[in-house]
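Structure file structure_6.pdb with PDB, C-alpha atoms and all ligand atoms:
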ATOM      1  CA  MET Z   1     -18.438   9.067  -6.157
ATOM      2  CA  ARG Z   2     -17.281   7.104  -3.096
ATOM      3  CA  LEU Z   3     -13.636   6.143  -3.222
ATOM      4  CA  VAL Z   4     -10.946   4.707  -0.981
ATOM      5  CA  MET Z   5      -7.268   5.577  -1.480
ATOM      6  CA  PHE Z   6      -5.196   2.624  -0.398
ATOM      7  CA  GLY Z   7      -1.439   2.166  -0.297
ATOM      8  CA  ALA Z   8       1.679   2.111   1.838
ATOM      9  CA  PRO Z   9       2.809   5.109   3.890
ATOM     10  CA  GLY Z  10       4.121   7.726   1.478
ATOM     11  CA  ALA Z  11       2.483   6.114  -1.563
ATOM     12  CA  GLY Z  12       0.852   9.451  -2.414
ATOM     13  CA  LYS Z  13      -2.642   8.837  -1.026
ATOM     14  CA  GLY Z  14      -2.975  12.343   0.406
ATOM     15  CA  THR Z  15      -1.453  14.079  -2.628
ATOM     16  CA  GLN Z  16      -3.763  12.319  -5.088
ATOM     17  CA  ALA Z  17      -6.852  12.355  -2.837
ATOM     18  CA  LYS Z  18      -6.600  16.140  -2.581
ATOM     19  CA  ARG Z  19      -6.536  16.480  -6.365
ATOM     20  CA  LEU Z  20      -9.360  14.004  -6.870
ATOM     21  CA  SER Z  21     -11.424  15.798  -4.257
ATOM     22  CA  GLU Z  22     -11.069  19.086  -6.166
ATOM     23  CA  HIS Z  23     -11.803  17.352  -9.477
ATOM     24  CA  LEU Z  24     -14.896  15.525  -8.241
ATOM     25  CA  GLY Z  25     -16.165  18.136  -5.769
ATOM     26  CA  VAL Z  26     -16.404  15.677  -2.874
ATOM     27  CA  PRO Z  27     -14.621  15.898   0.508
ATOM     28  CA  HIS Z  28     -11.193  14.385   1.151
ATOM     29  CA  ILE Z  29     -11.364  12.471   4.430
ATOM     30  CA  SER Z  30      -7.940  11.552   5.788
ATOM     31  CA  THR Z  31      -8.011   9.790   9.158
ATOM     32  CA  GLY Z  32      -4.336  10.717   9.645
ATOM     33  CA  ASP Z  33      -5.137  14.437   9.123
ATOM     34  CA  MET Z  34      -8.130  14.189  11.467
ATOM     35  CA  LEU Z  35      -5.985  12.591  14.170
ATOM     36  CA  ARG Z  36      -3.261  15.237  13.753
ATOM     37  CA  GLU Z  37      -5.919  17.981  14.065
ATOM     38  CA  ASN Z  38      -7.073  16.396  17.307
ATOM     39  CA  ILE Z  39      -3.503  16.350  18.600
ATOM     40  CA  GLU Z  40      -3.011  19.993  17.638
ATOM     41  CA  GLN Z  41      -6.243  20.985  19.390
ATOM     42  CA  ARG Z  42      -5.345  18.877  22.451
ATOM     43  CA  THR Z  43      -8.594  16.903  22.466
ATOM     44  CA  GLU Z  44      -9.010  13.719  24.459
ATOM     45  CA  LEU Z  45      -9.003  11.723  21.205
ATOM     46  CA  GLY Z  46      -5.733  13.379  20.231
ATOM     47  CA  ARG Z  47      -4.175  12.458  23.582
ATOM     48  CA  ALA Z  48      -5.267   8.844  23.154
ATOM     49  CA  ALA Z  49      -3.904   8.641  19.589
ATOM     50  CA  ARG Z  50      -0.587  10.433  19.920
ATOM     51  CA  SER Z  51       1.663   7.737  21.371
ATOM     52  CA  TYR Z  52       0.547   5.200  18.771
ATOM     53  CA  MET Z  53       1.116   7.628  15.909
ATOM     54  CA  ASP Z  54       4.570   8.786  16.972
ATOM     55  CA  ARG Z  55       5.722   5.163  17.075
ATOM     56  CA  GLY Z  56       4.153   4.395  13.702
ATOM     57  CA  GLU Z  57       1.638   1.987  15.249
ATOM     58  CA  LEU Z  58      -2.051   1.941  14.337
ATOM     59  CA  VAL Z  59      -4.524   3.732  16.596
ATOM     60  CA  PRO Z  60      -7.105   1.245  18.004
ATOM     61  CA  ASP Z  61      -9.969   0.398  15.628
ATOM     62  CA  ASP Z  62     -12.824   1.549  17.896
ATOM     63  CA  ILE Z  63     -11.386   5.089  18.187
ATOM     64  CA  ILE Z  64     -10.968   5.339  14.409
ATOM     65  CA  ASN Z  65     -14.319   3.803  13.497
ATOM     66  CA  GLY Z  66     -16.189   6.180  15.836
ATOM     67  CA  MET Z  67     -14.376   9.181  14.353
ATOM     68  CA  VAL Z  68     -15.127   8.140  10.749
ATOM     69  CA  ARG Z  69     -18.787   7.394  11.479
ATOM     70  CA  VAL Z  70     -19.335  10.944  12.779
ATOM     71  CA  ARG Z  71     -17.561  12.407   9.734
ATOM     72  CA  LEU Z  72     -19.488  10.368   7.146
ATOM     73  CA  GLU Z  73     -22.776  11.527   8.656
ATOM     74  CA  GLU Z  74     -21.938  15.162   7.892
ATOM     75  CA  SER Z  75     -23.958  16.713   5.079
ATOM     76  CA  ASP Z  76     -21.012  17.357   2.731
ATOM     77  CA  CYS Z  77     -20.608  13.578   2.299
ATOM     78  CA  GLU Z  78     -24.049  13.263   0.704
ATOM     79  CA  HIS Z  79     -22.695  13.234  -2.856
ATOM     80  CA  GLY Z  80     -19.620  11.183  -2.115
ATOM     81  CA  PHE Z  81     -16.218  11.251  -0.444
ATOM     82  CA  ILE Z  82     -12.634  10.111  -0.792
ATOM     83  CA  LEU Z  83     -11.356   8.121   2.158
ATOM     84  CA  ASP Z  84      -7.576   8.313   2.623
ATOM     85  CA  GLY Z  85      -5.860   6.001   5.107
ATOM     86  CA  TYR Z  86      -9.101   4.300   6.119
ATOM     87  CA  PRO Z  87      -9.912   1.438   6.342
ATOM     88  CA  ARG Z  88      -6.545   0.051   7.408
ATOM     89  CA  THR Z  89      -7.470  -3.242   9.071
ATOM     90  CA  ILE Z  90     -10.021  -5.958   8.331
ATOM     91  CA  PRO Z  91     -12.172  -4.953  11.360
ATOM     92  CA  GLN Z  92     -12.175  -1.349  10.048
ATOM     93  CA  ALA Z  93     -13.276  -2.521   6.584
ATOM     94  CA  GLU Z  94     -16.077  -4.539   8.181
ATOM     95  CA  ALA Z  95     -17.116  -1.537  10.285
ATOM     96  CA  LEU Z  96     -17.147   0.649   7.152
ATOM     97  CA  ASP Z  97     -19.324  -1.894   5.359
ATOM     98  CA  ARG Z  98     -21.794  -1.755   8.263
ATOM     99  CA  MET Z  99     -21.827   2.074   8.308
ATOM    100  CA  LEU Z 100     -22.399   2.325   4.551
ATOM    101  CA  GLY Z 101     -25.025  -0.430   4.720
ATOM    102  CA  GLU Z 102     -26.952   1.552   7.351
ATOM    103  CA  MET Z 103     -26.751   4.632   5.118
ATOM    104  CA  GLY Z 104     -27.905   2.608   2.102
ATOM    105  CA  ILE Z 105     -24.796   3.411   0.046
ATOM    106  CA  GLU Z 106     -21.787   1.521  -1.366
ATOM    107  CA  LEU Z 107     -18.186   2.187  -2.351
ATOM    108  CA  ASP Z 108     -17.509   2.726  -6.078
ATOM    109  CA  ALA Z 109     -13.813   1.820  -6.121
ATOM    110  CA  VAL Z 110     -10.676   1.275  -4.053
ATOM    111  CA  PHE Z 111      -7.438   2.574  -5.609
ATOM    112  CA  ASP Z 112      -4.213   0.887  -4.563
ATOM    113  CA  LEU Z 113      -1.172   3.093  -5.258
ATOM    114  CA  GLU Z 114       1.826   0.794  -5.690
ATOM    115  CA  VAL Z 115       5.249   2.213  -4.846
ATOM    116  CA  PRO Z 116       8.488   0.324  -4.023
ATOM    117  CA  ASP Z 117       9.872   0.565  -0.449
ATOM    118  CA  GLU Z 118      13.039   2.523  -1.434
ATOM    119  CA  GLU Z 119      10.903   5.194  -3.086
ATOM    120  CA  ILE Z 120       8.704   5.426   0.041
ATOM    121  CA  VAL Z 121      11.695   6.166   2.237
ATOM    122  CA  ARG Z 122      12.883   8.859  -0.243
ATOM    123  CA  ARG Z 123       9.451  10.462  -0.321
ATOM    124  CA  LEU Z 124       8.850  10.502   3.430
ATOM    125  CA  SER Z 125      12.300  11.717   4.388
ATOM    126  CA  GLY Z 126      11.759  14.901   2.332
ATOM    127  CA  ARG Z 127       8.100  15.475   3.065
ATOM    128  CA  ARG Z 128       6.853  18.751   4.516
ATOM    129  CA  VAL Z 129       3.209  19.224   5.521
ATOM    130  CA  CYS Z 130       1.125  22.381   5.950
ATOM    131  CA  ARG Z 131       0.162  22.949   9.580
ATOM    132  CA  GLN Z 132      -2.999  24.746   8.480
ATOM    133  CA  CYS Z 133      -4.527  22.839   5.525
ATOM    134  CA  GLY Z 134      -2.598  19.532   5.534
ATOM    135  CA  ALA Z 135      -1.207  19.876   1.970
ATOM    136  CA  SER Z 136       1.884  17.681   1.398
ATOM    137  CA  TYR Z 137       5.081  18.905  -0.246
ATOM    138  CA  HIS Z 138       8.488  17.389  -0.869
ATOM    139  CA  VAL Z 139      11.695  19.389  -0.615
ATOM    140  CA  VAL Z 140      12.917  17.942  -3.944
ATOM    141  CA  PHE Z 141      10.025  16.235  -5.781
ATOM    142  CA  ASN Z 142       7.245  18.728  -5.058
ATOM    143  CA  PRO Z 143       8.701  21.867  -3.479
ATOM    144  CA  PRO Z 144       6.546  24.825  -2.401
ATOM    145  CA  LYS Z 145       7.124  28.078  -4.316
ATOM    146  CA  GLN Z 146       8.593  29.615  -1.162
ATOM    147  CA  PRO Z 147      10.500  27.306   1.225
ATOM    148  CA  GLY Z 148       8.563  26.554   4.419
ATOM    149  CA  VAL Z 149       5.328  28.204   3.210
ATOM    150  CA  CYS Z 150       2.193  26.488   1.831
ATOM    151  CA  ASP Z 151       1.288  27.483  -1.765
ATOM    152  CA  VAL Z 152      -2.409  26.919  -1.084
ATOM    153  CA  CYS Z 153      -3.036  28.792   2.167
ATOM    154  CA  GLY Z 154       0.230  30.443   3.228
ATOM    155  CA  GLY Z 155       0.440  28.189   6.309
ATOM    156  CA  GLN Z 156       3.698  27.043   7.895
ATOM    157  CA  LEU Z 157       5.238  23.761   6.685
ATOM    158  CA  TYR Z 158       6.615  21.233   9.174
ATOM    159  CA  GLN Z 159       8.070  17.713   9.265
ATOM    160  CA  ARG Z 160       5.727  15.081  10.734
ATOM    161  CA  GLU Z 161       6.812  13.411  14.013
ATOM    162  CA  ASP Z 162       6.394   9.981  12.396
ATOM    163  CA  ASP Z 163       8.612  10.752   9.394
ATOM    164  CA  THR Z 164      11.764   9.761  11.319
ATOM    165  CA  GLU Z 165      13.576   6.774   9.810
ATOM    166  CA  GLU Z 166      12.678   4.486  12.724
ATOM    167  CA  ALA Z 167       8.959   5.329  12.630
ATOM    168  CA  VAL Z 168       8.859   5.075   8.808
ATOM    169  CA  LEU Z 169      10.335   1.554   8.860
ATOM    170  CA  ASN Z 170       7.798   0.554  11.515
ATOM    171  CA  ARG Z 171       4.925   2.079   9.493
ATOM    172  CA  ILE Z 172       5.971   0.049   6.435
ATOM    173  CA  ALA Z 173       6.098  -3.143   8.552
ATOM    174  CA  VAL Z 174       2.692  -2.413  10.127
ATOM    175  CA  TYR Z 175       1.263  -1.737   6.654
ATOM    176  CA  LYS Z 176       2.450  -5.126   5.386
ATOM    177  CA  ARG Z 177       1.180  -6.985   8.432
ATOM    178  CA  LYS Z 178      -2.176  -5.340   9.116
ATOM    179  CA  THR Z 179      -3.280  -3.356   6.082
ATOM    180  CA  LYS Z 180      -2.168  -5.391   3.056
ATOM    181  CA  PRO Z 181      -4.712  -8.165   3.752
ATOM    182  CA  LEU Z 182      -7.362  -5.624   2.708
ATOM    183  CA  LEU Z 183      -6.124  -5.922  -0.886
ATOM    184  CA  GLU Z 184      -7.682  -9.347  -1.054
ATOM    185  CA  TYR Z 185     -10.796  -8.214   0.832
ATOM    186  CA  TYR Z 186     -11.596  -5.587  -1.806
ATOM    187  CA  THR Z 187     -10.380  -7.655  -4.759
ATOM    188  CA  ARG Z 188     -12.961 -10.287  -3.824
ATOM    189  CA  ARG Z 189     -15.648  -7.586  -3.932
ATOM    190  CA  GLY Z 190     -14.476  -6.474  -7.390
ATOM    191  CA  LEU Z 191     -13.653  -2.966  -6.158
ATOM    192  CA  MET Z 192      -9.852  -2.995  -6.272
ATOM    193  CA  ARG Z 193      -8.064  -0.983  -8.971
ATOM    194  CA  THR Z 194      -4.286  -1.218  -8.878
ATOM    195  CA  VAL Z 195      -2.403   1.889  -9.982
ATOM    196  CA  ASP Z 196       1.311   2.345 -10.638
ATOM    197  CA  GLY Z 197       2.201   4.973  -8.013
ATOM    198  CA  THR Z 198       5.582   5.859  -9.530
ATOM    199  CA  GLY Z 199       6.230   8.694 -11.964
ATOM    200  CA  SER Z 200       5.192  12.329 -11.702
ATOM    201  CA  ILE Z 201       2.224  13.487  -9.620
ATOM    202  CA  ASP Z 202       0.447  14.546 -12.845
ATOM    203  CA  GLU Z 203       1.053  11.186 -14.518
ATOM    204  CA  ILE Z 204      -0.405   9.297 -11.568
ATOM    205  CA  PHE Z 205      -3.404  11.625 -11.418
ATOM    206  CA  GLY Z 206      -4.030  10.910 -15.117
ATOM    207  CA  ARG Z 207      -3.944   7.172 -14.434
ATOM    208  CA  LEU Z 208      -6.478   7.584 -11.627
ATOM    209  CA  LEU Z 209      -8.830   9.644 -13.802
ATOM    210  CA  GLY Z 210      -8.652   6.937 -16.463
ATOM    211  CA  LEU Z 211      -9.743   4.344 -13.915
ATOM    212  CA  LEU Z 212     -12.633   6.235 -12.340
ATOM    213  CA  PRO Z 213     -15.856   4.247 -12.551
ATOM    214  CA  GLY Z 214     -18.063   5.650 -15.299
ATOM    215  CA  GLY Z 215     -15.065   7.522 -16.781
ATOM    216  CA  LYS Z 216     -15.780  10.717 -14.762
TER
HETATM  217  P1  LIG I 301      -1.485   8.740   7.717
HETATM  218  O1  LIG I 301      -1.443  10.196   7.917
HETATM  219  O2  LIG I 301      -2.568   8.142   6.939
HETATM  220  O3  LIG I 301      -0.062   8.279   7.166
HETATM  221  P2  LIG I 301       0.380   7.108   6.158
HETATM  222  O4  LIG I 301      -0.602   6.111   5.781
HETATM  223  O5  LIG I 301       1.621   6.603   6.762
HETATM  224  O6  LIG I 301       0.524   7.816   4.835
HETATM  225  P3  LIG I 301       1.205   9.153   4.581
HETATM  226  O7  LIG I 301       0.278  10.290   4.904
HETATM  227  O8  LIG I 301       2.547   9.140   5.249
HETATM  228  O9  LIG I 301       1.482   9.068   3.030
HETATM  229  P4  LIG I 301       0.554   9.405   1.785
HETATM  230  O10 LIG I 301       0.274   8.130   1.080
HETATM  231  O11 LIG I 301      -0.600  10.271   2.149
HETATM  232  O12 LIG I 301       1.594  10.208   0.919
HETATM  233  P5  LIG I 301       1.697  11.767   0.553
HETATM  234  O13 LIG I 301       0.697  12.113  -0.483
HETATM  235  O14 LIG I 301       1.794  12.610   1.762
HETATM  236  O15 LIG I 301      -1.459   8.026   9.147
HETATM  237  C1  LIG I 301      -0.546   8.437  10.136
HETATM  238  C2  LIG I 301      -0.756   7.650  11.406
HETATM  239  O16 LIG I 301      -2.070   7.894  11.911
HETATM  240  C3  LIG I 301      -0.684   6.120  11.251
HETATM  241  O17 LIG I 301       0.641   5.646  11.325
HETATM  242  C4  LIG I 301      -1.541   5.670  12.421
HETATM  243  O18 LIG I 301      -0.848   5.786  13.645
HETATM  244  C5  LIG I 301      -2.655   6.713  12.451
HETATM  245  N1  LIG I 301      -3.797   6.324  11.592
HETATM  246  C6  LIG I 301      -4.270   6.982  10.490
HETATM  247  N2  LIG I 301      -5.324   6.338   9.968
HETATM  248  C7  LIG I 301      -5.524   5.248  10.747
HETATM  249  C8  LIG I 301      -6.433   4.173  10.699
HETATM  250  N3  LIG I 301      -7.366   4.071   9.745
HETATM  251  N4  LIG I 301      -6.335   3.200  11.651
HETATM  252  C9  LIG I 301      -5.406   3.274  12.632
HETATM  253  N5  LIG I 301      -4.502   4.258  12.728
HETATM  254  C10 LIG I 301      -4.559   5.241  11.788
HETATM  255  O19 LIG I 301       3.138  11.747  -0.170
HETATM  256  C11 LIG I 301       4.311  11.467   0.566
HETATM  257  C12 LIG I 301       5.475  12.355   0.084
HETATM  258  O20 LIG I 301       5.812  12.027  -1.267
HETATM  259  C13 LIG I 301       5.151  13.855   0.063
HETATM  260  O21 LIG I 301       6.320  14.542   0.399
HETATM  261  C14 LIG I 301       4.749  14.124  -1.385
HETATM  262  O22 LIG I 301       4.981  15.456  -1.780
HETATM  263  C15 LIG I 301       5.665  13.153  -2.135
HETATM  264  N6  LIG I 301       5.078  12.638  -3.372
HETATM  265  C16 LIG I 301       3.769  12.319  -3.602
HETATM  266  N7  LIG I 301       3.626  11.846  -4.863
HETATM  267  C17 LIG I 301       4.874  11.843  -5.419
HETATM  268  C18 LIG I 301       5.374  11.465  -6.700
HETATM  269  N8  LIG I 301       4.566  10.982  -7.649
HETATM  270  N9  LIG I 301       6.685  11.585  -6.914
HETATM  271  C19 LIG I 301       7.532  12.088  -5.945
HETATM  272  N10 LIG I 301       7.097  12.465  -4.710
HETATM  273  C20 LIG I 301       5.781  12.345  -4.463
HETATM  274 MG    MG I 302      -1.330  11.053   3.954
HETATM  275 ZN    ZN I 303      -1.801  25.027   3.548
END

Could you rewrite the structure in this file as structure tokens?
Amino acid sequence: MRLVMFGAPGAGKGTQAKRLSEHLGVPHISTGDMLRENIEQRTELGRAARSYMDRGELVPDDIINGMVRVRLEESDCEHGFILDGYPRTIPQAEALDRMLGEMGIELDAVFDLEVPDEEIVRRLSGRRVCRQCGASYHVVFNPPKQPGVCDVCGGQLYQREDDTEEAVLNRIAVYKRKTKPLLEYYTRRGLMRTVDGTGSIDEIFGRLLGLLPGGK
């Protein structure tokens, strides 16, 4: 199964992609997580990406496309993958089409998680992320069993640099300007499945399962 999780910042892409990845047994590929790993490990790519990310701007397409190409060629992607936060611009979607074309494969569906702006701000202002495995929590809506500690791996939880109010508002604006046009791009290809992204995490996961191609 080859899926794309689409939606505004804080829509729940990472939360749901992680669950779908466990359910389907295919890797969860988050470009945001990959970039943050590069920053943590002080790679050249991380240095190039950091200033864009902290301001809530998009990292240039060629950096992202190169990073995704390398990842999709890894053997664990053979039976599918869940892309989270990629593609995010029309040139990225075109680059993905070329990569998949060369590999002789196609996407099965693109899920758009729809969440109102006010809810996004509430979700991001309380988010905490695991430094080790990238799992997302929320201090009120999805708290870890022990404050500051990841339920999954015991790693330390932290607040992302781009979850400040100023960066969040910029991320929402950038999403509307540069990423939303992809809705039409994938609707034209018949791949887009719109999902109500409000309600509990379990409810939304149930909606996604009900919309999986082939009812898997
Ligand atoms: P990225 O890491 O992708 O950030 P984003 O798109 O802004 O999305 P988020 O990760 O903030 O939100 P999410 O939808 O994953 O929500 P989550 O599940 O965590 O990108 C970061 C930056 O990297 C970009 O700004 C850009 O600079 C760069 N970048 C990345 N990809 C790029 C690309 N392709 N091109 C160029 N640049 C790129 O949930 C959010 C919170 O809500 C959590 O606290 C969670 O616990 C809570 N929550 C989840 N579901 C619910 C629910 N149902 N009810 C209540 N709370 C919930
Ligand atoms: Mg995310
Ligand atoms: Zn963890």

List all protein, DNA and RNA residues that have an atom no more than 7 Å from any atom of ligand MG 302 (chain I), counting all atoms listed in the file, and report them as a PyMOL selection string.
chain Z and resi 10+12-14+30+32+84-85

If you keep C-alpha atoms, can you produce a file of those selected residues as a PDB file, in the frame of the given file?
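Output file selection13.pdb is given in full below:
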ATOM      1  CA  GLY Z  10       4.121   7.726   1.478  1.00  0.00           C
ATOM      2  CA  GLY Z  12       0.852   9.451  -2.414  1.00  0.00           C
ATOM      3  CA  LYS Z  13      -2.642   8.837  -1.026  1.00  0.00           C
ATOM      4  CA  GLY Z  14      -2.975  12.343   0.406  1.00  0.00           C
ATOM      5  CA  SER Z  30      -7.940  11.552   5.788  1.00  0.00           C
ATOM      6  CA  GLY Z  32      -4.336  10.717   9.645  1.00  0.00           C
ATOM      7  CA  ASP Z  84      -7.576   8.313   2.623  1.00  0.00           C
ATOM      8  CA  GLY Z  85      -5.860   6.001   5.107  1.00  0.00           C
TER       9      GLY Z  85
END

Picked residues, the PyMOL selection byres (((not hetatm)) within 7 of (chain I and resi 301)), as a ChimeraX atom specification
/Z:7-16,30-33,35,52-53,56-61,64,84-88,123-124,126-128,136-138,141-142,171,197-201,204

Filtering to C-alpha atoms, could you give me those residues as a CSV table (one decimal), keeping the file's coordinate frame?
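This went into result_29.csv:
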chain,number,residue,atom,x,y,z
Z,7,GLY,CA,-1.4,2.2,-0.3
Z,8,ALA,CA,1.7,2.1,1.8
Z,9,PRO,CA,2.8,5.1,3.9
Z,10,GLY,CA,4.1,7.7,1.5
Z,11,ALA,CA,2.5,6.1,-1.6
Z,12,GLY,CA,0.9,9.5,-2.4
Z,13,LYS,CA,-2.6,8.8,-1.0
Z,14,GLY,CA,-3.0,12.3,0.4
Z,15,THR,CA,-1.5,14.1,-2.6
Z,16,GLN,CA,-3.8,12.3,-5.1
Z,30,SER,CA,-7.9,11.6,5.8
Z,31,THR,CA,-8.0,9.8,9.2
Z,32,GLY,CA,-4.3,10.7,9.6
Z,33,ASP,CA,-5.1,14.4,9.1
Z,35,LEU,CA,-6.0,12.6,14.2
Z,52,TYR,CA,0.5,5.2,18.8
Z,53,MET,CA,1.1,7.6,15.9
Z,56,GLY,CA,4.2,4.4,13.7
Z,57,GLU,CA,1.6,2.0,15.2
Z,58,LEU,CA,-2.1,1.9,14.3
Z,59,VAL,CA,-4.5,3.7,16.6
Z,60,PRO,CA,-7.1,1.2,18.0
Z,61,ASP,CA,-10.0,0.4,15.6
Z,64,ILE,CA,-11.0,5.3,14.4
Z,84,ASP,CA,-7.6,8.3,2.6
Z,85,GLY,CA,-5.9,6.0,5.1
Z,86,TYR,CA,-9.1,4.3,6.1
Z,87,PRO,CA,-9.9,1.4,6.3
Z,88,ARG,CA,-6.5,0.1,7.4
Z,123,ARG,CA,9.5,10.5,-0.3
Z,124,LEU,CA,8.8,10.5,3.4
Z,126,GLY,CA,11.8,14.9,2.3
Z,127,ARG,CA,8.1,15.5,3.1
Z,128,ARG,CA,6.9,18.8,4.5
Z,136,SER,CA,1.9,17.7,1.4
Z,137,TYR,CA,5.1,18.9,-0.2
Z,138,HIS,CA,8.5,17.4,-0.9
Z,141,PHE,CA,10.0,16.2,-5.8
Z,142,ASN,CA,7.2,18.7,-5.1
Z,171,ARG,CA,4.9,2.1,9.5
Z,197,GLY,CA,2.2,5.0,-8.0
Z,198,THR,CA,5.6,5.9,-9.5
Z,199,GLY,CA,6.2,8.7,-12.0
Z,200,SER,CA,5.2,12.3,-11.7
Z,201,ILE,CA,2.2,13.5,-9.6
Z,204,ILE,CA,-0.4,9.3,-11.6

Write out as JSON, numbers by chain each polymer residue (protein, DNA or RNA) that has an atom no more than 7 Å from ligand ZN 303 (chain I), with only C-alpha atoms and all ligand atoms counted.
{"Z": [130, 131, 132, 133, 134, 135, 150, 151, 152, 153, 154, 155]}

For range 102-108 of chain Z, work out the shell of residues within 7 Å, counting all atoms listed in the file and skipping chain neighbours fewer than 4 positions away, then give it as a VMD selection string.
chain Z and resid 1 to 3 98 191 213

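The space separating CA of Cys77 in chain Z from CA of His28 in chain Z comes to 9.5 Å.
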
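Distance-wise, CA of Val129 in chain Z and CA of Ile90 in chain Z end up 28.6 Å apart.
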
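Nearest residue to Glu94 in chain Z among Z:Asp54, Z:Glu165, Z:Asp196, Z:Asp62 is Z:Asp62, counting only C-alpha atoms.
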
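With only the atoms specified (all atoms listed in the file) counting, those residues at most 6 Å away from (-10.5, -0.7, 0.7) are Val4, Val110 and Tyr186 of chain Z.
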
Once N, CA, C and O atoms are restored for range 98-110 of chain Z, what would the output be as a PDB file, in the frame of the given file?
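Result file follows (rebuild.pdb):
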ATOM      1  N   ARG Z  98     -20.568  -1.895   7.446  1.00  0.00           N
ATOM      2  CA  ARG Z  98     -21.794  -1.755   8.263  1.00  0.00           C
ATOM      3  C   ARG Z  98     -22.322  -0.328   8.202  1.00  0.00           C
ATOM      4  O   ARG Z  98     -23.513  -0.110   8.004  1.00  0.00           O
ATOM      5  N   MET Z  99     -21.389   0.658   8.336  1.00  0.00           N
ATOM      6  CA  MET Z  99     -21.827   2.074   8.308  1.00  0.00           C
ATOM      7  C   MET Z  99     -22.503   2.392   6.980  1.00  0.00           C
ATOM      8  O   MET Z  99     -23.565   2.996   6.932  1.00  0.00           O
ATOM      9  N   LEU Z 100     -21.849   1.996   5.871  1.00  0.00           N
ATOM     10  CA  LEU Z 100     -22.399   2.325   4.551  1.00  0.00           C
ATOM     11  C   LEU Z 100     -23.720   1.598   4.341  1.00  0.00           C
ATOM     12  O   LEU Z 100     -24.671   2.152   3.782  1.00  0.00           O
ATOM     13  N   GLY Z 101     -23.785   0.348   4.820  1.00  0.00           N
ATOM     14  CA  GLY Z 101     -25.025  -0.430   4.720  1.00  0.00           C
ATOM     15  C   GLY Z 101     -26.180   0.296   5.411  1.00  0.00           C
ATOM     16  O   GLY Z 101     -27.271   0.422   4.860  1.00  0.00           O
ATOM     17  N   GLU Z 102     -25.903   0.824   6.613  1.00  0.00           N
ATOM     18  CA  GLU Z 102     -26.952   1.552   7.351  1.00  0.00           C
ATOM     19  C   GLU Z 102     -27.380   2.804   6.597  1.00  0.00           C
ATOM     20  O   GLU Z 102     -28.511   3.245   6.686  1.00  0.00           O
ATOM     21  N   MET Z 103     -26.426   3.404   5.865  1.00  0.00           N
ATOM     22  CA  MET Z 103     -26.751   4.632   5.118  1.00  0.00           C
ATOM     23  C   MET Z 103     -27.347   4.302   3.751  1.00  0.00           C
ATOM     24  O   MET Z 103     -27.736   5.206   3.007  1.00  0.00           O
ATOM     25  N   GLY Z 104     -27.354   3.023   3.391  1.00  0.00           N
ATOM     26  CA  GLY Z 104     -27.905   2.608   2.102  1.00  0.00           C
ATOM     27  C   GLY Z 104     -27.019   2.979   0.924  1.00  0.00           C
ATOM     28  O   GLY Z 104     -27.517   3.213  -0.187  1.00  0.00           O
ATOM     29  N   ILE Z 105     -25.706   3.065   1.138  1.00  0.00           N
ATOM     30  CA  ILE Z 105     -24.796   3.411   0.046  1.00  0.00           C
ATOM     31  C   ILE Z 105     -23.651   2.386  -0.049  1.00  0.00           C
ATOM     32  O   ILE Z 105     -23.480   1.560   0.851  1.00  0.00           O
ATOM     33  N   GLU Z 106     -22.892   2.466  -1.155  1.00  0.00           N
ATOM     34  CA  GLU Z 106     -21.787   1.521  -1.366  1.00  0.00           C
ATOM     35  C   GLU Z 106     -20.563   2.257  -1.894  1.00  0.00           C
ATOM     36  O   GLU Z 106     -20.696   3.328  -2.478  1.00  0.00           O
ATOM     37  N   LEU Z 107     -19.402   1.631  -1.750  1.00  0.00           N
ATOM     38  CA  LEU Z 107     -18.186   2.187  -2.351  1.00  0.00           C
ATOM     39  C   LEU Z 107     -18.240   1.974  -3.865  1.00  0.00           C
ATOM     40  O   LEU Z 107     -18.804   0.987  -4.340  1.00  0.00           O
ATOM     41  N   ASP Z 108     -17.598   2.902  -4.626  1.00  0.00           N
ATOM     42  CA  ASP Z 108     -17.509   2.726  -6.078  1.00  0.00           C
ATOM     43  C   ASP Z 108     -16.197   2.077  -6.486  1.00  0.00           C
ATOM     44  O   ASP Z 108     -16.151   1.334  -7.458  1.00  0.00           O
ATOM     45  N   ALA Z 109     -15.116   2.411  -5.771  1.00  0.00           N
ATOM     46  CA  ALA Z 109     -13.813   1.820  -6.121  1.00  0.00           C
ATOM     47  C   ALA Z 109     -12.804   2.034  -5.001  1.00  0.00           C
ATOM     48  O   ALA Z 109     -12.927   2.961  -4.200  1.00  0.00           O
ATOM     49  N   VAL Z 110     -11.818   1.149  -4.967  1.00  0.00           N
ATOM     50  CA  VAL Z 110     -10.676   1.275  -4.053  1.00  0.00           C
ATOM     51  C   VAL Z 110      -9.424   1.337  -4.932  1.00  0.00           C
ATOM     52  O   VAL Z 110      -9.183   0.430  -5.731  1.00  0.00           O
TER      53      VAL Z 110
END
